[in-house]
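Engineer: Pasting in a structure now, in structure tokens, and then I'll have a few things to ask.
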Amino acid sequence: MKRVVLFLLFVAASSMMNATPVKVSRIDPTDWYVGMKDPSLQLMVYGKNIRETDVTTDYAGVRLDSVVRLDSPNYLLVYLNIEGAQPGTMKLKFTARKGSGAKGTFTFSYKLKAREMAGSERKGFSNADVLYMLMPDRFASSGKYTTPQATKRLAAELNTYVVDRNAPSLRHGGDLEGIRRHLDYFNELGVTALWFTPVLENNSPDNALGYSTYHGYATTDYYRVDPRFGTNEEYRKLTDEAHTKGLKVVMDMIFNHCGFEHPWVADMPSADWFNLHDWLKESGGTANPEGTSFKQTSYKLTPVIDPYASETDKKETMQGWFVPTMPDLNQHNPHVMTYLIQNSIWWIETVGIDGIRMDTYPYAYAEGMARWMKTIDNEYPNFNVVGETWVTEAAYTAAWQKNSRIAENNSNLKTVMDFSFYDRISKAKNEETDAWWEGFNRIYNSFLYDYLYENPDNVMAFIDNHDTDRFLGNGCDTLALKQALALLLTVRRTPQLYYGTEILMNGTKEVTDGDVRCDFPGGFPGDSQNAFTAEGRSAEENAMFNWLSSLLHWRKGNDIIIRGKMKHFIPYNGIYVVAREYNGRGVVVILNGTNTVKTLDAGRYAELFEGVLPAATANDTGISVKTKDVITGAQVVLCNDMQLSPRSTLILEY
């Protein structure tokens, strides 16, 4: 008996000697805020064998609701209720459970912060704004983070990468501080909000084919700005200074997938953290799909709302990974979704962003995304989120908008992206406007479906972005560009511009996406041209910049555009006319959609001026209306014998 006791004591002692000391390596979120409408808080705790611990806290006003032990021993989910808590430092005590593979205790100091303002005080972007989309890596560089040696001072663990501005798919060295130094440029141009492609850490190594994650869509740390772009503090500094200049900041987020180098991939918290997770075991934990059961998404979004869709089609769309290097997150897992929801709230509170653009919106499970939107809307009723809904039919897009009457389930998503307008304007620019279908008939036939939207003002329109060919393609058709911009900035939409359009930047995706994501000239040390200044722009670039700037400044705060009714006319004799009216004032946009001179039948549009003009100037035979050219300020008499030059654009205020 004595030998048995001694043996058991020896086994116990050996077990204790081999046990892992309790230590927390990280907690997400990194800190949190008191005073939320929803007092619940999920803490994702990282640490070797941390699952084998019990958690306690004696912080006043904090209650431990539950502890979730996941499949991996190196994570622990702690759910707290902080309804009665005040700002301060909360001590969390982690104690090894008896008989586990851990030993000892560890105390973690966790900050609870005061909010700067109530959620209802945060104002999002709206149709009164014009968003200017840019890629931080390609816009401007401060020169602080252009080499691996420089960034290693901030993050020694970054994987191998190269900065090479001659390689379209490698990093070019732009950063947040570079953007901050050019904020006055955006004011000069006249935009009111800045949308940056993702700024969070993308710690993926460059691959052998010369591709990198400079674009930012492969997140490896949801709580840190990529060190090549700067720091969290620099992001806040940029946002604060943008606010002082009247500029809003929109953050690009991705809930559908993360980057392959995220810690979750090497050590999955639970078996259902990702979609189609088994293939990772088959591939040996690599991103090589050969010989495995890997399935890539079909990129076909219609099955998500198709009433006749097969389960096979829906699975291929939503469970298939975007690419092998971007693991597909499972939004059906409530812990995953809570993590992502809290992350978006944390950035709103920590940096003060004014909106979110959500990437690949329909690829994620709709139920989880609707939960996110409902949570955001409850906490921030005046905030705004736009979702990327890439199908070119208005009926599809409208079904994703909040409170849609044509959707089976409410997405709670306020703003959707107008790929229908993008698709039609891309075709119309190369066509003659005929009597039925081509040219501006395409635009007319897109807008006529606005009755499907709950709120057309909360539809984001654009003529190009980082995922498309630039509007100018490989050419420089400024007449077509002006027509597209005139529509974009005057119709019932929230408009988005793509960086460089104002200086005639062009390019296509024939070879690589990087060719439509070129560096902004003058944004980088040593650039031979500085397009941030009039002196550095060519005569053609200045002409385009000045034309667009005039239109943008006229639009800013203009109630005709923000609140006005819209009316348009079926294209007639190749001419498309769109009008807005508010409180007896109006603007009319007249576009000659042909390559020939056209005579305007002005009497056809007399109804626009009813109640505005004296009876003597508006009759059955025609009209004679004094208007002002929005771009030049010159007086223009709108009358029956008005000649319109080929592909001309008139924006007239009355």
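Residue numbers start at 1 in each chain; chains themselves are named A, B, ... in the order of the structure tokens; ligands are numbered from 1 in the order shown.
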So which residues of stretch 515-573 of chain A fall under strand (DSSP E) by DSSP, listed as a list in words?

Structural biologist: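 DSSP-assigned strand (DSSP E) residues in stretch 515-573 of chain A: Lys565, Met566, Lys567, His568, Phe569, Ile570, Pro571 and Tyr572 of chain A.
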
Engineer: DSSP on the backbone, then: every residue of stretch 299-539 of chain A marked helix (DSSP H, G or I), written as JSON, numbers by chain.

Structural biologist: {"A": [302, 303, 304, 311, 312, 313, 314, 315, 316, 317, 318, 334, 335, 336, 337, 338, 339, 340, 341, 342, 343, 344, 345, 346, 347, 348, 349, 350, 351, 361, 362, 363, 366, 367, 368, 369, 370, 371, 372, 373, 374, 375, 376, 377, 378, 379, 394, 395, 396, 397, 398, 399, 419, 420, 421, 422, 423, 424, 425, 426, 427, 428, 440, 441, 442, 443, 444, 445, 446, 447, 448, 449, 450, 451, 452, 456, 457, 458, 478, 479, 480, 481, 482, 483, 484, 485, 486, 487, 488, 501, 502, 503, 513, 514, 515, 516, 539]}

Engineer: Determine, counting only C-alpha atoms, which protein, DNA and RNA residues have an atom within 7 Å of an atom of A:Asp418; residues of the same chain fewer than 4 positions away are not included. Present the result as an MDAnalysis selection string.

Structural biologist: chainID A and resid 422 459:461

Engineer: Tell me, as a list in words, which residues lie within 7 Å of stretch 119-130 of chain A, counting only C-alpha atoms; anything in the same chain fewer than 6 positions away does not count.

Structural biologist: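 Once the adjacent positions are removed, what remains is Val191, Thr192, Ala193, Asp354, Gly355, Glu379, Tyr380, Pro381, Asn382, Phe383, Asn384, Asp457, Asn458, Arg493, Thr494, Pro495, Gln496, Lys556, Gly557 and Ile562 of chain A.
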
Engineer: Take the selection from the previous step and output its residues with C-alpha atoms, as a PDB file, in the first residue's frame.

Structural biologist:
```
ATOM      1  CA  VAL A 191     -15.035  65.748 -51.155  1.00  0.00           C
ATOM      2  CA  THR A 192     -16.388  65.299 -47.622  1.00  0.00           C
ATOM      3  CA  ALA A 193     -15.529  61.738 -46.578  1.00  0.00           C
ATOM      4  CA  ASP A 354     -17.790  57.868 -39.161  1.00  0.00           C
ATOM      5  CA  GLY A 355     -18.850  54.833 -41.147  1.00  0.00           C
ATOM      6  CA  GLU A 379     -26.016  51.515 -30.295  1.00  0.00           C
ATOM      7  CA  TYR A 380     -25.402  54.092 -33.055  1.00  0.00           C
ATOM      8  CA  PRO A 381     -28.774  55.007 -34.628  1.00  0.00           C
ATOM      9  CA  ASN A 382     -27.243  57.816 -36.728  1.00  0.00           C
ATOM     10  CA  PHE A 383     -24.238  55.822 -37.920  1.00  0.00           C
ATOM     11  CA  ASN A 384     -24.036  54.347 -41.433  1.00  0.00           C
ATOM     12  CA  ASP A 457     -30.580  58.220 -50.990  1.00  0.00           C
ATOM     13  CA  ASN A 458     -28.920  55.352 -49.101  1.00  0.00           C
ATOM     14  CA  ARG A 493     -27.544  58.571 -54.478  1.00  0.00           C
ATOM     15  CA  THR A 494     -24.621  58.729 -52.064  1.00  0.00           C
ATOM     16  CA  PRO A 495     -21.714  59.153 -54.489  1.00  0.00           C
ATOM     17  CA  GLN A 496     -18.258  57.605 -54.250  1.00  0.00           C
ATOM     18  CA  LYS A 556     -21.705  70.555 -50.686  1.00  0.00           C
ATOM     19  CA  GLY A 557     -24.603  71.435 -48.377  1.00  0.00           C
ATOM     20  CA  ILE A 562     -29.643  66.398 -50.476  1.00  0.00           C
TER      21      ILE A 562
END
```

Engineer: Give me, as a compact mmCIF listing (two decimals) with all heavy atoms, in the first residue's frame, all polymer residues having an atom no more than 6 Å from A:Ala140, counting only C-alpha atoms and skipping those fewer than 5 positions away in the same chain.

Structural biologist:
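This is the output file out.txt:
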```
# COMPACT_ATOMS: atom_id res chain seq x y z
N GLY A 174 3.01 53.36 -49.15
CA GLY A 174 2.12 54.41 -48.65
C GLY A 174 1.72 54.15 -47.20
O GLY A 174 1.75 53.01 -46.74
N GLY A 178 1.22 59.70 -44.44
CA GLY A 178 1.25 60.32 -45.76
C GLY A 178 -0.09 60.88 -46.14
O GLY A 178 -0.19 61.98 -46.71
N ILE A 179 -1.16 60.16 -45.84
CA ILE A 179 -2.51 60.66 -46.11
C ILE A 179 -2.79 61.91 -45.28
O ILE A 179 -3.32 62.91 -45.79
CB ILE A 179 -3.55 59.57 -45.81
CG1 ILE A 179 -3.35 58.36 -46.72
CG2 ILE A 179 -4.97 60.12 -45.97
CD1 ILE A 179 -4.18 57.15 -46.33
N GLY A 523 2.75 61.66 -54.23
CA GLY A 523 2.53 61.15 -52.89
C GLY A 523 3.74 60.47 -52.28
O GLY A 523 3.73 60.15 -51.09
N PHE A 524 4.80 60.26 -53.08
CA PHE A 524 5.93 59.47 -52.62
C PHE A 524 7.24 60.26 -52.80
O PHE A 524 7.40 60.99 -53.78
CB PHE A 524 6.00 58.15 -53.38
CG PHE A 524 4.81 57.26 -53.12
CD1 PHE A 524 3.58 57.51 -53.74
CD2 PHE A 524 4.91 56.20 -52.25
CE1 PHE A 524 2.48 56.71 -53.49
CE2 PHE A 524 3.81 55.39 -51.99
CZ PHE A 524 2.60 55.65 -52.60
```

Engineer: So that I can check the surroundings of stretch 489-492 of chain A, please list as a PDB file with N, CA, C and O atoms, in the first residue's frame every protein, DNA and RNA residue that reaches within 7 Å of it, counting only C-alpha atoms and ignoring chain neighbours fewer than 2 positions away.

Structural biologist:
```pdb
ATOM      1  N   PRO A 456     -33.644  55.409 -51.801  1.00  0.00           N
ATOM      2  CA  PRO A 456     -32.621  55.570 -52.843  1.00  0.00           C
ATOM      3  C   PRO A 456     -31.455  56.469 -52.419  1.00  0.00           C
ATOM      4  O   PRO A 456     -30.361  56.357 -52.979  1.00  0.00           O
ATOM      5  N   ASP A 457     -31.678  57.368 -51.459  1.00  0.00           N
ATOM      6  CA  ASP A 457     -30.580  58.220 -50.990  1.00  0.00           C
ATOM      7  C   ASP A 457     -29.492  57.389 -50.319  1.00  0.00           C
ATOM      8  O   ASP A 457     -28.327  57.791 -50.281  1.00  0.00           O
ATOM      9  N   LEU A 485     -19.746  61.763 -64.273  1.00  0.00           N
ATOM     10  CA  LEU A 485     -19.626  62.460 -62.983  1.00  0.00           C
ATOM     11  C   LEU A 485     -20.813  63.384 -62.740  1.00  0.00           C
ATOM     12  O   LEU A 485     -21.268  63.534 -61.597  1.00  0.00           O
ATOM     13  N   ALA A 486     -21.310  64.008 -63.794  1.00  0.00           N
ATOM     14  CA  ALA A 486     -22.474  64.885 -63.644  1.00  0.00           C
ATOM     15  C   ALA A 486     -23.665  64.099 -63.115  1.00  0.00           C
ATOM     16  O   ALA A 486     -24.397  64.562 -62.221  1.00  0.00           O
ATOM     17  N   LEU A 487     -23.885  62.913 -63.658  1.00  0.00           N
ATOM     18  CA  LEU A 487     -24.967  62.065 -63.161  1.00  0.00           C
ATOM     19  C   LEU A 487     -24.688  61.611 -61.736  1.00  0.00           C
ATOM     20  O   LEU A 487     -25.550  61.713 -60.854  1.00  0.00           O
ATOM     21  N   PRO A 495     -22.743  59.419 -53.484  1.00  0.00           N
ATOM     22  CA  PRO A 495     -21.714  59.153 -54.489  1.00  0.00           C
ATOM     23  C   PRO A 495     -20.347  58.816 -53.896  1.00  0.00           C
ATOM     24  O   PRO A 495     -19.967  59.302 -52.832  1.00  0.00           O
ATOM     25  N   ILE A 561     -29.849  68.877 -53.892  1.00  0.00           N
ATOM     26  CA  ILE A 561     -29.304  67.537 -54.080  1.00  0.00           C
ATOM     27  C   ILE A 561     -29.594  66.649 -52.872  1.00  0.00           C
ATOM     28  O   ILE A 561     -29.916  65.467 -53.015  1.00  0.00           O
ATOM     29  N   MET A 566     -36.509  64.047 -57.497  1.00  0.00           N
ATOM     30  CA  MET A 566     -35.822  63.772 -58.761  1.00  0.00           C
ATOM     31  C   MET A 566     -36.848  63.443 -59.841  1.00  0.00           C
ATOM     32  O   MET A 566     -37.856  62.784 -59.596  1.00  0.00           O
TER      33      MET A 566
END
```

Engineer: So that I can see what lies close to A:Gln86, please list as a list of chain:residue names the residues with an atom at most 10 Å from it, counting only C-alpha atoms and leaving out residues fewer than 5 positions away in the same chain.

Structural biologist: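 Result of the neighbour search: A:Tyr33, A:Val34, A:Gly35, A:Tyr59, A:Ala60, A:Gly61, A:Val62, A:Leu112, A:Lys113, A:Ala114.
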
Engineer: Figure out the distance between atom CA of A:His466 and atom CA of A:Phe532, please, to one decimal in Å.

Structural biologist: 20.3 Å

Engineer: What does the distance between atom CA of A:His568 and atom CA of A:Pro646 come to in Å, to one decimal place?

Structural biologist: 20.4 Å

Engineer: If I take atom CA of A:Tyr576 and atom CA of A:Thr433, how far is one from the other in Å, to one decimal?

Structural biologist: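 These two atoms are separated by 8.6 Å.
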
Engineer: Could you give me, as a tab-separated table, a per-residue list for stretch 530-601 of chain A showing, wherever an atom lies at most 9 Å from an atom of stretch 439-445 of chain A, the closest pair of atoms and their distance in Å to one decimal, using only C-alpha atoms and sorting by chain then residue number from low to high?

Structural biologist:
```
residue	atom	partner	partner_atom	distance
A:His568	CA	A:Tyr444	CA	7.7
A:Phe569	CA	A:Tyr444	CA	7.9
A:Ile570	CA	A:Tyr444	CA	6.6
A:Pro571	CA	A:Asn441	CA	6.2
A:Gly574	CA	A:Phe440	CA	8.1
A:Ile575	CA	A:Phe440	CA	8.1
A:Tyr576	CA	A:Phe440	CA	6.5
A:Leu591	CA	A:Phe440	CA	8.7
A:Gly593	CA	A:Phe440	CA	6.5
A:Thr594	CA	A:Gly439	CA	8.3
```

Engineer: Between A:Phe322, A:Trp279, A:Phe520, A:Phe186, which has the minimum distance to A:Ser293 (counting only C-alpha atoms)?

Structural biologist: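 Closest to A:Ser293, using only C-alpha atoms: A:Trp279.
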
Engineer: With distances taken over only C-alpha atoms, which residue among A:Ala539, A:Ala634, A:Met251, A:Leu548 lies nearest A:Met133?

Structural biologist: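 For A:Met133, the nearest of the given residues is A:Met251.
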
Engineer: Which residue out of A:Asp306, A:Glu454, A:Asp515, A:Asp252 has the minimum interatomic distance to A:Tyr361 when only C-alpha atoms are used?

Structural biologist: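 Ranked by minimum distance to A:Tyr361, first place goes to A:Asp252.
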
Engineer: May I ask which of the residues A:Val511, A:Ile406, A:Gln42, A:Ile463 is the closest one to A:Ser426, counting only C-alpha atoms?

Structural biologist: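 Once distances to A:Ser426 are computed over only C-alpha atoms, the minimum belongs to A:Ile463.
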